[in-house]
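S.K.: Structure in structure tokens, see below.
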Amino acid sequence: MKLDNCLTAENINQKLLNIQYAVRGPILQRALQIEREIQKGVPKPFERVVRANIGDSHALGQKPITFIRQVLALAAFPELADSADVPADVRQRVQEILGDCTKGSVGAYSPSAGLSIVRTRVAQYIEARDGVPASPDDVYLGSGASDVIKAVLTMLVEDVDGKPPAVMVPIPQYPLFSGTLSELGLHQANYYLDEEHEWALQASELERCWRQASEDCTVRALVVINPGNPTGQVLTRQNMEEIVRFAYEHNVFLMADEVYQENIVSKPFYSFKKVMHEMGAPYAGMPLGSFVTCSKGWAAECGLRAGFAELARLAPAVRAAFSTARAVMQCPSVLGQCILDCVMKRPAPGEPSHPQFAAELGDIQRVLAERTETAYDTFNSIPGYFCNPIDGSMFAYPRVDIPEAAQAEAERLGMAPDEFYCLRLLEETGVCVVPGTGFGQLPGTFHFRTTILHPRDEFQHMMDSIRSFHLNFLEKYS
Ligand SMILES: Cc1ncc(COP(=O)(O)O)c(C=O)c1O
């Protein structure tokens, strides 16, 4: 055997070759290259690259929540407890968490579903949010939501009634789903959100998608992202009830990606758990997967990797198999679990950490409210742009009319028109956004996704750059 033949593109798992993840795709790679060119003194028509490709609030300058970092520091190094700088509620919290860690160390493995104290707090958070009972036994902690979402999707890899499995996914979608489905060999059945009606989800479109997919596959699950990424809409309660009825009637597992539930500007958030419960029988008895992460919300601790799945009403044998599969991975990061504990039980009024926590939370909420408004107003004031109201998440997903001459130029270069547009935007302004092809869009429409949580001046600079770029682009190609 020749040594260079043991791993080749031809003999590795071919499914890996199909994975695409535009959020860290070719436009970002070019942005990183431009950053290196700037460092070397290569002249550019701008001073710096503005990265707006990924929903990572700390990378955009959001300050960590002090309470979280104090708990982390003390949990990692309990000797700090003697310091007069450590507030009493931080000391108390760490004592509780370490009391549940083997030998009082975050360096010891936890149970594979997570520390019991943290799972209990997750259940309490869900109960307080929904007014519906929740059990720690249904809670599985993970290293981010991606981890548990992939674990749940893995359960669906099985032919049923002689047909391969399919999963219904919204378009536009967050490419964790398309990428993981590709990796697992699950068929992706696309249903389109209705851009003309604030990205609502039409029951008739779900039916169309299901019918089409069912010709060759068995549809096993329906993914709903609420609030939406990249679209930023919050579904109405009526819409959610239609989705629940659809899932019931077609016997599909509802996977509710609810990771942006704490990033909403003004509308109320209803979890699918609550809506199902309030719809009563038979819907209240349906299985449900719901996903939350510390990467989003006000903590936004993306790099520390913590999240959870609540898997309600699974059959006992399914729960046992899932638990065993999770055990193989040992456990999620215990420091990550400490963060989740803080997110699930924030400092309460009257506790020493509360005033600072409340001030920090207020700043974060103000930034989101300001940026969603600026993004909406700015995009809708640019000729050829359209942007729906942004209810939440941390993104804008404007639609852009791309002139036919520019589309022809893109074709000549072997690119999609929106990829060409985003590449030109990057080359001419340094603004790095992600083309709509990475999330999906109605054929013939073009979008990009931008994160919106930059500091005010940086954000204004980005909006101004996009506007003047677009006007030049129109002049060149119209
Ligand atoms: C809709 C959605 N779901 C899940 C995730 C996964 O986040 P993480 O794995 O960092 O928890 C993200 C991250 O951006 C997301 O936007």
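Simple scheme: letters A, B, ... for chains in structure tokens order, numbers from 1 for residues in each chain, numbers from 1 for ligands in the order shown.
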Ligand 1: which residues are within 10 Å, counting only C-alpha atoms and all ligand atoms, as an MDAnalysis selection string?

M.R.: chainID A and resid 23 54:56 142:150 173:177 224:230 232 256:260 291:296 300:308 393:395

S.K.: If we count only C-alpha atoms and set the cut-off at 12 Å, which residues sit around A:Ser381, ignoring sequence neighbours fewer than 2 positions away in its own chain? Please answer as an MDAnalysis selection string.

M.R.: chainID A and resid 374:379 383:387 398 400 463:464 466:467 470:471

S.K.: Show me, as a count of residues only, the residues that have an atom within 12 Å of A:Arg371 when counting only C-alpha atoms, minus same-chain residues fewer than 2 positions from it.

M.R.: 35

S.K.: If you run DSSP on the backbone, which residues of stretch 310-462 of chain A are alpha helix (DSSP H), as a tab-separated table (two decimals) with C-alpha atoms, in the first residue's frame?

M.R.:
chain	number	residue	atom	x	y	z
A	316	PRO	CA	-38.33	5.50	27.08
A	317	ALA	CA	-36.33	3.33	24.63
A	318	VAL	CA	-35.49	6.39	22.51
A	319	ARG	CA	-34.42	8.34	25.57
A	320	ALA	CA	-32.19	5.43	26.68
A	321	ALA	CA	-30.53	5.15	23.25
A	322	PHE	CA	-29.98	8.89	23.04
A	323	SER	CA	-28.47	8.97	26.54
A	324	THR	CA	-26.08	6.16	25.68
A	325	ALA	CA	-25.02	7.90	22.47
A	326	ARG	CA	-24.32	11.07	24.47
A	327	ALA	CA	-22.36	9.10	27.08
A	328	VAL	CA	-19.86	8.08	24.40
A	334	VAL	CA	-18.05	21.84	32.82
A	335	LEU	CA	-16.98	25.50	32.68
A	336	GLY	CA	-19.59	25.92	29.95
A	337	GLN	CA	-22.14	24.37	32.29
A	338	CYS	CA	-21.22	27.00	34.91
A	339	ILE	CA	-22.18	29.71	32.40
A	340	LEU	CA	-25.45	28.00	31.62
A	341	ASP	CA	-26.18	27.96	35.34
A	342	CYS	CA	-25.72	31.75	35.47
A	343	VAL	CA	-27.92	32.28	32.42
A	344	MET	CA	-30.69	30.09	33.79
A	354	HIS	CA	-27.74	42.53	40.75
A	355	PRO	CA	-27.13	46.27	40.22
A	356	GLN	CA	-24.13	45.73	37.95
A	357	PHE	CA	-25.85	42.84	36.16
A	358	ALA	CA	-28.95	44.95	35.51
A	359	ALA	CA	-26.85	47.81	34.12
A	360	GLU	CA	-24.87	45.49	31.82
A	361	LEU	CA	-28.05	43.76	30.62
A	362	GLY	CA	-29.68	47.14	29.94
A	363	ASP	CA	-26.72	48.21	27.76
A	364	ILE	CA	-26.90	45.00	25.72
A	365	GLN	CA	-30.65	45.36	25.18
A	366	ARG	CA	-30.27	49.01	24.18
A	367	VAL	CA	-27.64	48.16	21.55
A	368	LEU	CA	-29.90	45.51	20.00
A	369	ALA	CA	-32.90	47.87	19.90
A	370	GLU	CA	-30.85	50.68	18.35
A	371	ARG	CA	-29.12	48.55	15.74
A	372	THR	CA	-32.25	46.74	14.56
A	373	GLU	CA	-33.88	50.12	13.99
A	374	THR	CA	-30.86	51.63	12.21
A	375	ALA	CA	-30.45	48.56	9.99
A	376	TYR	CA	-34.15	48.50	9.05
A	377	ASP	CA	-34.28	52.25	8.31
A	378	THR	CA	-30.98	52.34	6.41
A	379	PHE	CA	-31.59	49.31	4.22
A	380	ASN	CA	-35.08	50.44	3.27
A	381	SER	CA	-33.72	53.85	2.27
A	404	GLU	CA	-28.88	42.15	-15.16
A	405	ALA	CA	-25.46	43.29	-16.39
A	406	ALA	CA	-24.00	42.44	-12.96
A	407	GLN	CA	-25.73	39.06	-13.01
A	408	ALA	CA	-24.16	38.39	-16.42
A	409	GLU	CA	-20.75	39.42	-15.09
A	410	ALA	CA	-21.19	37.04	-12.13
A	411	GLU	CA	-22.07	34.21	-14.51
A	412	ARG	CA	-18.99	34.93	-16.59
A	417	PRO	CA	-24.93	37.02	-8.41
A	418	ASP	CA	-25.13	37.57	-4.64
A	419	GLU	CA	-21.66	36.06	-4.15
A	420	PHE	CA	-20.32	38.44	-6.77
A	421	TYR	CA	-22.09	41.35	-5.05
A	422	CYS	CA	-20.68	40.46	-1.60
A	423	LEU	CA	-17.19	39.95	-3.02
A	424	ARG	CA	-17.26	43.36	-4.73
A	425	LEU	CA	-18.58	44.91	-1.49
A	426	LEU	CA	-15.64	43.38	0.38
A	427	GLU	CA	-13.03	44.38	-2.20
A	428	GLU	CA	-14.29	47.96	-2.43
A	429	THR	CA	-15.28	48.73	1.19
A	456	ARG	CA	-22.46	52.53	16.96
A	457	ASP	CA	-19.71	54.30	14.97
A	458	GLU	CA	-18.50	51.11	13.36
A	459	PHE	CA	-22.06	50.19	12.45
A	460	GLN	CA	-22.74	53.61	10.95
A	461	HIS	CA	-19.49	53.33	8.96
A	462	MET	CA	-20.66	49.95	7.68

S.K.: Using only C-alpha atoms, which residue out of A:Val122, A:Leu32, A:Ala76, A:Ile19 lies closest to A:Leu184?

M.R.: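 Closest to A:Leu184 of all the choices is A:Ile19.
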
S.K.: With a cut-off of 8 Å, could you pull out the residues of stretch 274-355 of chain A touching stretch 81-97 of chain A and give me the nearest pair of atoms for each, distance in Å to one decimal, using only C-alpha atoms, ordered by chain and ascending number, as CSV?

M.R.:
residue,atom,partner,partner_atom,distance
A:Cys338,CA,A:Ile97,CA,7.2
A:Pro347,CA,A:Asp89,CA,7.9
A:Glu351,CA,A:Asp89,CA,6.5
A:Pro352,CA,A:Pro87,CA,6.3
A:Ser353,CA,A:Pro87,CA,6.8

S.K.: Kindly save the residues from that selection, with C-alpha atoms included, as a tab-separated table (two decimals), in the first residue's frame.

M.R.:
chain	number	residue	atom	x	y	z
A	338	CYS	CA	-21.22	27.00	34.91
A	347	PRO	CA	-28.62	37.58	39.89
A	351	GLU	CA	-28.37	40.25	45.65
A	352	PRO	CA	-24.96	42.00	45.64
A	353	SER	CA	-24.32	41.36	41.91

S.K.: What does the structure give for the distance between atom CA of A:Arg220 and atom CA of A:Val169, in Å to one decimal?

M.R.: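 Pair atom CA of A:Arg220 / atom CA of A:Val169 returns 11.3 Å.
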
S.K.: List the spatial neighbours of stretch 279-281 of chain A as a list in words - criterion: any atom at most 10 Å away, only C-alpha atoms, same-chain residues fewer than 4 positions off excluded.

M.R.: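 Neighbouring residues, sequence-local ones excluded: Glu241, Val244, Arg245, Lys274, Val275, Gly285 and Met286 of chain A.
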
S.K.: What's around A:Gly436 at 6 Å? Count only C-alpha atoms, leave out sequence neighbours fewer than 2 positions away in its own chain, and write the answer as a PyMOL selection string.

M.R.: chain A and resi 438-440+447-448

S.K.: Store the residues of this selection in a file with N, CA and C atoms, as an mmCIF file, in the first residue's frame.

M.R.:
data_model
loop_
_atom_site.group_PDB
_atom_site.id
_atom_site.type_symbol
_atom_site.label_atom_id
_atom_site.label_comp_id
_atom_site.auth_asym_id
_atom_site.auth_seq_id
_atom_site.Cartn_x
_atom_site.Cartn_y
_atom_site.Cartn_z
ATOM 1 N N GLY A 438 -25.791 31.199 0.876
ATOM 2 C CA GLY A 438 -25.365 30.405 2.039
ATOM 3 C C GLY A 438 -26.518 30.026 2.949
ATOM 4 N N PHE A 439 -27.662 30.715 2.824
ATOM 5 C CA PHE A 439 -28.816 30.458 3.702
ATOM 6 C C PHE A 439 -30.001 29.932 2.913
ATOM 7 N N GLY A 440 -29.979 30.230 1.605
ATOM 8 C CA GLY A 440 -31.087 29.867 0.726
ATOM 9 C C GLY A 440 -31.990 31.063 0.521
ATOM 10 N N HIS A 447 -29.945 38.197 -1.623
ATOM 11 C CA HIS A 447 -29.866 38.757 -0.274
ATOM 12 C C HIS A 447 -28.428 38.675 0.224
ATOM 13 N N PHE A 448 -28.184 39.299 1.345
ATOM 14 C CA PHE A 448 -27.008 38.965 2.152
ATOM 15 C C PHE A 448 -27.391 39.069 3.616
#

S.K.: List every residue of stretch 4-225 of chain A that DSSP, applied to the backbone, labels as strand (DSSP E or B), and write the result as JSON, numbers by chain.

M.R.: {"A": [50, 51, 139, 140, 141, 142, 160, 163, 165, 166, 167, 168, 169, 170, 171, 187, 188, 189, 190, 191, 192, 194, 200, 218, 219, 220, 221, 222, 223, 224, 225]}

S.K.: Take the selection from the previous step and output its residues with N, CA and C atoms, as a compact mmCIF listing (two decimals), in the first residue's frame.

M.R.:
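Writing the result to part_23.txt gives the following:
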# COMPACT_ATOMS: atom_id res chain seq x y z
N VAL A 50 -14.31 45.19 8.01
CA VAL A 50 -15.35 45.14 9.04
C VAL A 50 -16.02 43.78 8.92
N ARG A 51 -15.83 42.94 9.92
CA ARG A 51 -16.41 41.60 9.84
C ARG A 51 -17.85 41.62 10.33
N VAL A 139 -33.65 17.22 30.07
CA VAL A 139 -32.68 18.24 29.68
C VAL A 139 -31.31 17.61 29.43
N TYR A 140 -30.76 17.86 28.27
CA TYR A 140 -29.43 17.35 27.91
C TYR A 140 -28.54 18.54 27.60
N LEU A 141 -27.49 18.72 28.38
CA LEU A 141 -26.58 19.84 28.13
C LEU A 141 -25.62 19.45 27.01
N GLY A 142 -25.14 20.48 26.30
CA GLY A 142 -24.21 20.21 25.21
C GLY A 142 -23.15 21.29 25.11
N VAL A 160 -37.47 4.59 6.75
CA VAL A 160 -38.77 4.21 7.32
C VAL A 160 -39.69 3.90 6.14
N LYS A 163 -38.21 3.97 2.73
CA LYS A 163 -37.79 5.24 2.11
C LYS A 163 -36.74 5.92 2.98
N PRO A 165 -34.75 8.92 4.99
CA PRO A 165 -35.30 10.00 5.82
C PRO A 165 -35.04 11.39 5.27
N ALA A 166 -36.02 12.27 5.48
CA ALA A 166 -35.86 13.67 5.09
C ALA A 166 -36.22 14.56 6.28
N VAL A 167 -35.62 15.74 6.30
CA VAL A 167 -35.91 16.72 7.35
C VAL A 167 -36.34 18.02 6.68
N MET A 168 -37.46 18.57 7.13
CA MET A 168 -37.93 19.84 6.56
C MET A 168 -37.21 21.01 7.24
N VAL A 169 -36.69 21.89 6.40
CA VAL A 169 -35.86 23.00 6.88
C VAL A 169 -36.36 24.28 6.22
N PRO A 170 -36.43 25.39 7.00
CA PRO A 170 -36.88 26.65 6.38
C PRO A 170 -35.84 27.19 5.43
N ILE A 171 -36.31 27.90 4.44
CA ILE A 171 -35.42 28.66 3.56
C ILE A 171 -35.87 30.10 3.62
N HIS A 187 -31.86 13.73 3.80
CA HIS A 187 -32.35 14.57 2.70
C HIS A 187 -32.91 15.86 3.28
N GLN A 188 -32.59 16.99 2.65
CA GLN A 188 -33.11 18.28 3.10
C GLN A 188 -34.31 18.67 2.26
N ALA A 189 -35.46 18.81 2.91
CA ALA A 189 -36.68 19.23 2.21
C ALA A 189 -36.94 20.69 2.57
N ASN A 190 -36.87 21.56 1.57
CA ASN A 190 -36.95 23.01 1.83
C ASN A 190 -38.38 23.51 1.80
N TYR A 191 -38.74 24.25 2.84
CA TYR A 191 -39.98 25.04 2.75
C TYR A 191 -39.59 26.51 2.85
N TYR A 192 -40.27 27.33 2.05
CA TYR A 192 -39.89 28.74 1.95
C TYR A 192 -40.69 29.62 2.91
N ASP A 194 -42.17 33.28 3.90
CA ASP A 194 -42.83 34.23 3.00
C ASP A 194 -42.29 35.65 3.26
N ALA A 200 -43.27 35.13 7.37
CA ALA A 200 -44.20 34.21 8.04
C ALA A 200 -44.04 32.82 7.43
N THR A 218 -39.24 9.53 3.55
CA THR A 218 -40.14 9.67 4.70
C THR A 218 -39.70 10.90 5.48
N VAL A 219 -40.61 11.86 5.61
CA VAL A 219 -40.25 13.08 6.34
C VAL A 219 -40.29 12.77 7.83
N ARG A 220 -39.14 12.95 8.50
CA ARG A 220 -39.02 12.56 9.91
C ARG A 220 -39.15 13.74 10.86
N ALA A 221 -38.72 14.91 10.43
CA ALA A 221 -38.68 16.04 11.37
C ALA A 221 -38.92 17.35 10.63
N LEU A 222 -39.38 18.32 11.40
CA LEU A 222 -39.60 19.67 10.89
C LEU A 222 -38.78 20.62 11.77
N VAL A 223 -37.85 21.34 11.14
CA VAL A 223 -37.05 22.33 11.87
C VAL A 223 -37.72 23.69 11.75
N VAL A 224 -37.89 24.36 12.89
CA VAL A 224 -38.37 25.74 12.90
C VAL A 224 -37.35 26.57 13.66
N ILE A 225 -36.95 27.70 13.09
CA ILE A 225 -36.00 28.59 13.77
C ILE A 225 -36.77 29.84 14.19

S.K.: May I ask which of the residues A:Ala299, A:Leu442, A:Ile402, A:Leu115 is the closest one to A:Lys63, counting only C-alpha atoms?

M.R.: A:Ala299

S.K.: Give me, please, the distance in Å between atom CA of A:Pro45 and atom CA of A:Ala416, quoted to one decimal.

M.R.: 24.4 Å

S.K.: Using Å and a single decimal, report how far atom CA of A:Gly61 sits from atom CA of A:Pro349.

M.R.: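 That distance, rounded to one decimal, is 26.9 Å.
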